[in-house]
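Next comes coords-v4.cif, a file with mmCIF, C-alpha atoms.
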```cif
data_structure
#
loop_
_atom_site.label_atom_id
_atom_site.label_comp_id
_atom_site.auth_asym_id
_atom_site.auth_seq_id
_atom_site.Cartn_x
_atom_site.Cartn_y
_atom_site.Cartn_z
CA MET A 1 56.38 41.01 -108.49
CA ARG A 2 53.15 42.96 -108.57
CA ALA A 3 51.14 39.95 -107.41
CA THR A 4 53.66 39.31 -104.68
CA LEU A 5 53.90 42.86 -103.34
CA GLY A 6 50.24 43.71 -103.89
CA GLU A 7 48.45 46.95 -104.66
CA ARG A 8 48.56 49.92 -102.34
CA ARG A 9 45.53 49.89 -100.01
CA GLU A 10 43.51 53.04 -99.39
CA GLY A 11 44.73 55.10 -96.52
CA VAL A 12 48.33 53.92 -96.87
CA SER A 13 50.72 56.77 -97.44
CA ASP A 14 53.08 56.80 -100.40
CA ARG A 15 56.03 56.65 -98.05
CA ARG A 16 54.79 53.55 -96.21
CA TRP A 17 53.76 51.82 -99.43
CA PHE A 18 57.15 52.32 -101.11
CA ALA A 19 58.92 51.18 -97.93
CA SER A 20 56.84 48.00 -97.86
CA ARG A 21 57.55 47.27 -101.53
CA GLY A 22 61.27 47.85 -101.01
CA GLY A 23 61.44 45.48 -98.03
CA ALA A 24 59.71 42.67 -99.89
CA ALA A 25 61.96 43.09 -102.93
CA LEU A 26 65.02 42.96 -100.71
CA ALA A 27 63.82 39.74 -99.06
CA ILE A 28 63.26 38.10 -102.45
CA PHE A 29 66.71 39.22 -103.63
CA LEU A 30 68.45 37.86 -100.50
CA ALA A 31 66.64 34.52 -100.76
CA GLY A 32 67.67 34.17 -104.39
CA SER A 33 71.25 35.05 -103.58
CA ALA A 34 71.35 32.49 -100.77
CA ALA A 35 70.02 29.73 -103.06
CA ALA A 36 72.57 30.63 -105.72
CA SER A 37 75.35 30.50 -103.12
CA VAL A 38 74.28 27.03 -101.93
CA ILE A 39 74.11 25.74 -105.51
CA GLY A 40 77.50 27.27 -106.22
CA LEU A 41 78.96 25.71 -103.08
CA MET A 42 77.63 22.26 -103.97
CA THR A 43 78.78 22.57 -107.56
CA GLY A 44 82.20 23.81 -106.56
CA ASN A 45 82.71 20.92 -104.09
CA LEU A 46 81.31 18.19 -106.37
CA PRO A 47 84.74 16.54 -106.95
CA PHE A 48 85.19 16.31 -103.18
CA PHE A 49 81.85 14.56 -102.70
CA VAL A 50 82.53 12.20 -105.63
CA LYS A 51 85.96 11.29 -104.24
CA GLU A 52 84.59 10.76 -100.74
CA ASN A 53 81.82 8.51 -102.08
CA ALA A 54 84.32 6.48 -104.13
CA GLN A 55 86.53 6.00 -101.07
CA ALA A 56 83.55 4.82 -99.04
CA GLN A 57 82.63 2.36 -101.80
CA ASP A 58 86.22 1.07 -101.97
CA ALA A 59 86.24 0.55 -98.20
CA ALA A 60 82.96 -1.37 -98.43
CA ASN A 61 84.33 -3.52 -101.25
CA ASP A 62 87.52 -4.22 -99.27
CA GLU A 63 85.42 -5.32 -96.30
CA ILE A 64 83.40 -7.69 -98.50
CA GLU A 65 86.62 -9.00 -100.07
CA ALA A 66 88.22 -9.62 -96.67
CA GLY A 67 85.16 -11.63 -95.62
CA LYS A 68 85.73 -14.17 -98.40
CA ALA A 69 88.01 -17.16 -97.97
CA ALA A 70 91.33 -16.67 -99.74
CA PHE A 71 90.57 -19.86 -101.65
CA ASP A 72 88.38 -22.94 -101.42
CA VAL A 73 89.57 -26.53 -101.81
CA THR A 74 87.38 -29.44 -102.87
CA VAL A 75 89.01 -32.85 -102.62
CA LYS A 76 87.70 -36.19 -103.81
CA PRO A 77 89.28 -39.64 -104.13
CA ALA A 78 90.80 -40.37 -107.51
CA LEU A 79 88.38 -43.26 -107.95
CA GLY A 80 84.65 -42.68 -107.90
CA ASP A 81 82.58 -45.01 -105.70
CA ALA A 82 81.30 -46.93 -108.72
CA LYS A 83 84.70 -47.63 -110.30
CA PRO A 84 85.60 -51.27 -109.49
CA TRP A 85 89.40 -51.07 -109.96
CA THR A 86 91.85 -54.01 -110.19
CA SER A 87 93.15 -54.68 -106.64
CA TRP A 88 91.34 -55.03 -103.34
CA GLU A 89 92.02 -55.91 -99.71
CA ILE A 90 90.03 -57.00 -96.66
CA ASP A 91 91.13 -56.76 -93.02
CA ARG A 92 90.24 -60.40 -92.32
CA ARG A 93 90.52 -63.77 -93.98
CA LEU A 94 87.65 -65.01 -96.12
CA THR A 95 85.26 -67.54 -94.69
CA PRO A 96 85.02 -70.92 -96.47
CA ALA A 97 81.73 -69.81 -98.02
CA GLU A 98 83.34 -66.59 -99.29
CA GLU A 99 86.31 -68.48 -100.69
CA SER A 100 83.92 -70.71 -102.61
CA GLU A 101 82.03 -67.67 -103.92
CA LEU A 102 85.25 -65.92 -105.05
CA ARG A 103 86.47 -69.01 -106.89
CA LYS A 104 83.32 -68.89 -109.02
CA ILE A 105 84.02 -65.34 -110.26
CA PRO A 106 86.13 -65.18 -113.46
CA ALA A 107 89.49 -63.50 -112.74
CA SER A 108 89.03 -60.99 -115.55
CA ILE A 109 88.68 -57.24 -115.86
CA LYS A 110 85.22 -57.94 -117.27
CA SER A 111 84.26 -59.24 -113.83
CA ALA A 112 85.68 -56.24 -111.93
CA ASP A 113 82.21 -55.00 -110.96
CA ARG A 114 81.32 -58.39 -109.48
CA ILE A 115 84.60 -58.57 -107.57
CA TRP A 116 84.20 -55.04 -106.18
CA GLU A 117 80.67 -55.88 -105.04
CA PHE A 118 81.98 -59.04 -103.36
CA VAL A 119 84.76 -57.07 -101.62
CA ARG A 120 82.42 -54.30 -100.46
CA LYS A 121 80.03 -56.86 -99.03
CA ALA A 122 82.96 -58.34 -97.09
CA GLY A 123 83.90 -54.90 -95.73
CA GLY A 124 86.93 -54.45 -97.95
CA ARG A 125 88.33 -51.63 -100.08
CA ARG A 126 90.22 -50.93 -103.28
CA THR A 127 93.99 -50.57 -103.03
CA ASP A 128 97.15 -49.75 -104.99
CA GLY A 129 97.77 -46.88 -107.38
CA ASP A 130 94.81 -44.62 -108.09
CA ALA A 131 92.88 -46.15 -105.19
CA ASN A 132 95.21 -44.14 -102.91
CA GLY A 133 95.16 -40.93 -104.98
CA TYR A 134 93.18 -37.70 -104.52
CA ARG A 135 92.05 -34.97 -106.88
CA PHE A 136 92.25 -31.39 -105.55
CA GLN A 137 90.23 -28.52 -107.01
CA PHE A 138 91.19 -24.95 -106.05
CA THR A 139 88.91 -21.93 -106.58
CA SER A 140 88.75 -18.36 -105.26
CA GLU A 141 86.07 -15.66 -105.28
CA ARG A 142 88.60 -12.97 -104.42
CA GLN A 143 89.02 -10.13 -106.92
CA LYS A 144 92.67 -9.81 -105.97
CA THR A 145 95.11 -12.50 -107.06
CA VAL A 146 95.81 -15.38 -104.67
CA SER A 147 98.96 -17.42 -105.31
CA ILE A 148 99.69 -20.82 -103.77
CA THR A 149 103.47 -20.79 -103.84
CA GLU A 150 104.47 -23.85 -101.80
CA ALA A 151 102.93 -27.29 -101.23
CA TYR A 152 104.27 -30.18 -99.19
CA ALA A 153 102.89 -33.19 -97.33
CA LYS A 154 102.91 -34.19 -93.68
CA VAL A 155 102.39 -37.61 -92.14
CA ASP A 156 99.78 -37.51 -89.39
CA LYS A 157 99.89 -41.12 -88.20
CA CYS A 158 100.84 -44.52 -89.60
CA TRP A 159 100.15 -48.16 -88.76
CA PRO A 160 101.07 -51.60 -90.11
CA SER A 161 98.64 -52.83 -92.72
CA LYS A 162 95.74 -54.83 -91.29
CA ALA A 163 94.85 -56.48 -94.58
CA LYS A 164 94.64 -60.26 -94.25
CA THR A 165 93.15 -60.85 -97.72
CA TYR A 166 94.55 -59.39 -100.92
CA ILE A 167 92.75 -59.91 -104.24
CA SER A 168 94.21 -58.69 -107.52
CA LEU A 169 93.68 -59.15 -111.23
CA MET A 170 97.43 -58.62 -111.64
CA GLN A 171 96.75 -56.21 -114.49
CA GLY A 172 98.51 -53.06 -113.33
CA GLY A 173 97.08 -50.39 -111.09
CA LEU A 174 100.27 -50.26 -109.06
CA THR A 175 101.49 -46.85 -110.17
CA GLY A 176 98.37 -44.90 -111.17
CA TRP A 177 98.06 -41.44 -112.67
CA GLU A 178 99.51 -38.41 -110.94
CA ASP A 179 100.48 -34.78 -111.24
CA VAL A 180 102.54 -34.98 -108.08
CA HIS A 181 103.62 -37.77 -105.76
CA PHE A 182 105.42 -38.05 -102.44
CA ASP A 183 106.97 -40.68 -100.18
CA LEU A 184 105.20 -41.39 -96.89
CA ASP A 185 108.28 -43.29 -95.71
CA SER A 186 110.29 -40.06 -95.69
CA LYS A 187 111.72 -39.06 -92.31
CA LEU A 188 111.24 -35.36 -93.08
CA SER A 189 108.62 -33.41 -91.15
CA SER A 190 107.67 -31.59 -94.37
CA ILE A 191 107.72 -34.06 -97.25
CA PRO A 192 108.45 -32.50 -100.66
CA LEU A 193 106.20 -33.13 -103.63
CA PHE A 194 107.64 -34.35 -106.92
CA GLN A 195 106.24 -34.20 -110.41
CA GLU A 196 106.65 -36.69 -113.22
CA SER A 197 110.27 -37.02 -114.27
CA LEU A 198 111.43 -36.21 -117.76
CA GLN A 199 111.12 -39.15 -120.09
CA GLY A 200 113.96 -41.58 -119.49
CA SER A 201 115.23 -39.65 -116.46
CA GLN A 202 115.59 -41.23 -113.04
CA VAL A 203 115.98 -37.85 -111.34
CA GLU A 204 113.02 -36.70 -109.26
CA MET A 205 111.74 -33.27 -110.32
CA PRO A 206 110.47 -31.07 -107.46
CA PHE A 207 106.99 -29.68 -107.85
CA ASP A 208 107.56 -25.92 -107.94
CA LYS A 209 104.62 -24.56 -109.91
CA VAL A 210 102.65 -21.57 -108.62
CA ILE A 211 98.87 -22.07 -108.52
CA ALA A 212 97.23 -18.74 -109.44
CA LEU A 213 93.67 -18.09 -108.22
CA GLY A 214 91.30 -15.14 -107.80
CA GLY A 215 91.01 -12.19 -110.19
CA ASN A 216 88.67 -14.22 -112.44
CA GLU A 217 91.21 -17.03 -112.83
CA THR A 218 89.70 -20.43 -113.67
CA ALA A 219 89.75 -23.32 -111.22
CA ALA A 220 93.06 -25.18 -110.77
CA TYR A 221 93.42 -28.94 -110.34
CA LEU A 222 96.08 -31.14 -108.80
CA ASN A 223 96.23 -34.94 -108.70
CA VAL A 224 98.17 -36.17 -105.68
CA LEU A 225 99.44 -39.73 -105.23
CA PRO A 226 101.21 -40.76 -102.00
CA ASN A 227 103.25 -43.92 -101.70
CA SER A 228 104.71 -46.20 -99.05
CA ILE A 229 106.29 -49.64 -99.22
CA ALA A 230 105.82 -50.41 -95.55
CA GLN A 231 102.77 -48.86 -93.91
CA SER A 232 99.31 -47.32 -94.05
CA CYS A 233 99.03 -43.64 -93.14
CA ASN A 234 96.80 -40.61 -92.69
CA TRP A 235 98.37 -37.54 -94.24
CA SER A 236 97.71 -33.87 -94.99
CA LEU A 237 98.74 -31.32 -97.58
CA GLN A 238 100.29 -28.07 -96.35
CA LEU A 239 99.84 -25.00 -98.56
CA GLU A 240 101.60 -21.64 -98.39
CA TYR A 241 99.91 -18.76 -100.21
CA ASN A 242 99.95 -14.99 -100.74
CA VAL A 243 97.11 -12.56 -101.34
CA ALA A 244 97.95 -9.60 -103.59
CA ALA A 245 99.03 -6.47 -101.70
CA ASP A 246 99.63 -8.52 -98.52
CA PRO A 247 103.37 -9.27 -98.23
CA GLU A 248 102.92 -11.73 -95.37
CA PRO A 249 102.53 -15.38 -96.57
CA LYS A 250 99.91 -17.55 -94.90
CA THR A 251 99.53 -21.31 -94.50
CA ARG A 252 96.62 -23.70 -94.74
CA THR A 253 96.32 -27.41 -93.97
CA VAL A 254 94.02 -29.71 -95.96
CA SER A 255 93.49 -33.19 -94.50
CA LYS A 256 89.94 -34.27 -95.40
CA ASP A 257 87.97 -34.91 -98.56
CA ARG A 258 84.62 -33.33 -99.41
CA LYS A 259 82.79 -36.01 -97.41
CA GLY A 260 84.82 -35.25 -94.29
CA ASN A 261 86.95 -38.39 -94.51
CA GLU A 262 90.64 -38.12 -93.61
CA PHE A 263 93.15 -38.68 -96.39
CA VAL A 264 94.34 -42.26 -96.12
CA PHE A 265 96.95 -44.37 -97.85
CA ASN A 266 96.29 -48.09 -97.64
CA GLY A 267 99.70 -49.69 -97.62
CA PRO A 268 100.95 -53.19 -98.57
CA TYR A 269 99.01 -56.12 -97.16
CA ALA A 270 100.31 -57.95 -94.10
CA ALA A 271 103.12 -60.46 -94.63
CA ASP A 272 100.87 -63.37 -93.63
CA ALA A 273 97.88 -62.28 -95.75
CA ASP A 274 96.08 -64.60 -98.14
CA VAL A 275 96.87 -63.53 -101.71
CA TRP A 276 94.33 -64.27 -104.45
CA GLY A 277 95.00 -63.90 -108.17
CA PRO A 278 94.15 -65.41 -111.58
CA SER A 279 94.82 -69.13 -111.84
CA TYR A 280 95.53 -71.18 -114.97
CA THR A 281 91.81 -72.04 -115.13
CA GLY A 282 90.83 -68.36 -115.47
CA THR A 283 89.27 -68.22 -112.04
CA PHE A 284 90.72 -66.98 -108.73
CA GLY A 285 93.17 -69.13 -106.86
CA LYS A 286 94.94 -68.60 -103.55
CA ASP A 287 98.72 -68.44 -103.49
CA THR A 288 99.95 -71.29 -101.34
CA SER A 289 103.67 -70.82 -101.88
#
```

Would you put the structure from the file into structure tokens?
Amino acid sequence: MRATLGERREGVSDRRWFASRGGAALAIFLAGSAAASVIGLMTGNLPFFVKENAQAQDAANDEIEAGKAAFDVTVKPALGDAKPWTSWEIDRRLTPAEESELRKIPASIKSADRIWEFVRKAGGRRTDGDANGYRFQFTSERQKTVSITEAYAKVDKCWPSKAKTYISLMQGGLTGWEDVHFDLDSKLSSIPLFQESLQGSQVEMPFDKVIALGGNETAAYLNVLPNSIAQSCNWSLQLEYNVAADPEPKTRTVSKDRKGNEFVFNGPYAADADVWGPSYTGTFGKDTS
């Protein structure tokens, strides 16, 4: 205080010197009081500031959450490109040279790779069972739970099969694996999905499981197998879902695989198609009946 107020200079009266010292002391006291008041104010309102900051953070998190897709779907064909399979079809008849080449390939599962290579070279495709199936993977980065509550199929367009050549090892592959299946020949606009029936039961069991995503749930998978006895079709899967705290259900349509190709079911070959299968010699022969 002494260093702050200073010594009395010569020629300064006692009255003026004491007045000067008193004014300085008062200024220091008022400044200290003001600082204490500010600190007290901030300390007293700390819960308010903490609450306001938490609310701002929650709002920011909600905005980030809303910017994320409710869920992502990755779809790939049930058969990988390299898997040869057991049945194939081509939208034209084989040339004489191709017929000769096919007859030289053993009609055995051990030759499936060679047959698939032959079919691909001729512009053909795999068919029947798994060759028409798709594997769906569902994921979500949302923190809140996302529930897919309904799933059903829709037919987009259909056409008579164009296949003029059908080649098969006649060793199955007509039913394939599945979690759910549906009938493309249904006349319904929304075609229900069915799951595998109970052993020995002929009654179709509706697929009614809820797919839970988000909130750190693991990915969910669904194998889907369409079927038709009369036609080839493009189709889509319709999904209804809810996001936690939002009572209004939403819908989403999935119609393409991860490569951007439309879902397609390749139906039965044309009635006048050439049908090739194993002959008594162990090689391929054409059905002439």

Report the distance between CA of Gly267 in chain A and CA of Gly124 in chain A in Å, rounded to one decimal place.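 One can read the CA of Gly267 in chain A to CA of Gly124 in chain A distance as 13.6 Å.
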
In file coordinates, which residues lie within 10 Å of (96.6, -31.1, -111.3) using only C-alpha atoms, given as JSON, numbers by chain? {"A": [135, 136, 137, 138, 178, 179, 180, 211, 220, 221, 222, 223, 224]}

Contacts of range 181-273 of chain A with range 156-175 of chain A up to 10 Å, shortest pair per row, all atoms listed in the file, as a Markdown table:
```
| residue | atom | partner | partner_atom | distance |
| --- | --- | --- | --- | --- |
| A:Leu184 | CA | A:Cys158 | CA | 9.1 |
| A:Asp185 | CA | A:Cys158 | CA | 9.7 |
| A:Ser189 | CA | A:Asp156 | CA | 9.9 |
| A:Leu225 | CA | A:Thr175 | CA | 8.9 |
| A:Asn227 | CA | A:Thr175 | CA | 9.1 |
| A:Ala230 | CA | A:Pro160 | CA | 7.3 |
| A:Gln231 | CA | A:Pro160 | CA | 5.0 |
| A:Ser232 | CA | A:Trp159 | CA | 5.4 |
| A:Cys233 | CA | A:Cys158 | CA | 4.1 |
| A:Asn234 | CA | A:Asp156 | CA | 5.4 |
| A:Trp235 | CA | A:Asp156 | CA | 5.1 |
| A:Ser236 | CA | A:Asp156 | CA | 7.0 |
| A:Ser255 | CA | A:Asp156 | CA | 9.2 |
| A:Phe263 | CA | A:Asp156 | CA | 9.7 |
| A:Val264 | CA | A:Cys158 | CA | 9.5 |
| A:Phe265 | CA | A:Cys158 | CA | 9.1 |
| A:Asn266 | CA | A:Ser161 | CA | 7.2 |
| A:Gly267 | CA | A:Ser161 | CA | 5.9 |
| A:Pro268 | CA | A:Ser161 | CA | 6.3 |
| A:Tyr269 | CA | A:Ala163 | CA | 4.9 |
| A:Ala270 | CA | A:Ser161 | CA | 5.6 |
| A:Ala271 | CA | A:Lys164 | CA | 8.5 |
| A:Asp272 | CA | A:Lys164 | CA | 7.0 |
| A:Ala273 | CA | A:Lys164 | CA | 4.1 |
```

Atomic separation - CA of Tyr241 in chain A relative to CA of Thr145 in chain A, Å: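 That distance, rounded to one decimal, is 10.4 Å.
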
Which residue is closest to Arg92 in chain A? Choose from A:Glu141, A:Asp128, A:Glu262, A:Asp274 and count all atoms listed in the file.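 Answer, going by the shortest atom-to-atom distance: A:Asp274.
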
Please measure the separation of CA of Ala151 in chain A and CA of Leu239 in chain A, giving the value in Å to one decimal.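 Computing the Euclidean distance for CA of Ala151 in chain A and CA of Leu239 in chain A yields 4.7 Å.
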
Each residue of range 253-289 of chain A with at least one atom at most 12 Å from range 109-120 of chain A should appear once, together with its nearest atom pair and the corresponding distance in Å (one decimal); atoms considered: all atoms listed in the file; ordering: chain, then increasing residue number; output as a Markdown table.
```
| residue | atom | partner | partner_atom | distance |
| --- | --- | --- | --- | --- |
| A:Trp276 | CA | A:Ile115 | CA | 11.7 |
| A:Gly277 | CA | A:Ile115 | CA | 11.7 |
| A:Pro278 | CA | A:Ile109 | CA | 10.7 |
| A:Gly282 | CA | A:Ile109 | CA | 11.3 |
| A:Thr283 | CA | A:Ser111 | CA | 10.4 |
| A:Phe284 | CA | A:Ile115 | CA | 10.5 |
```
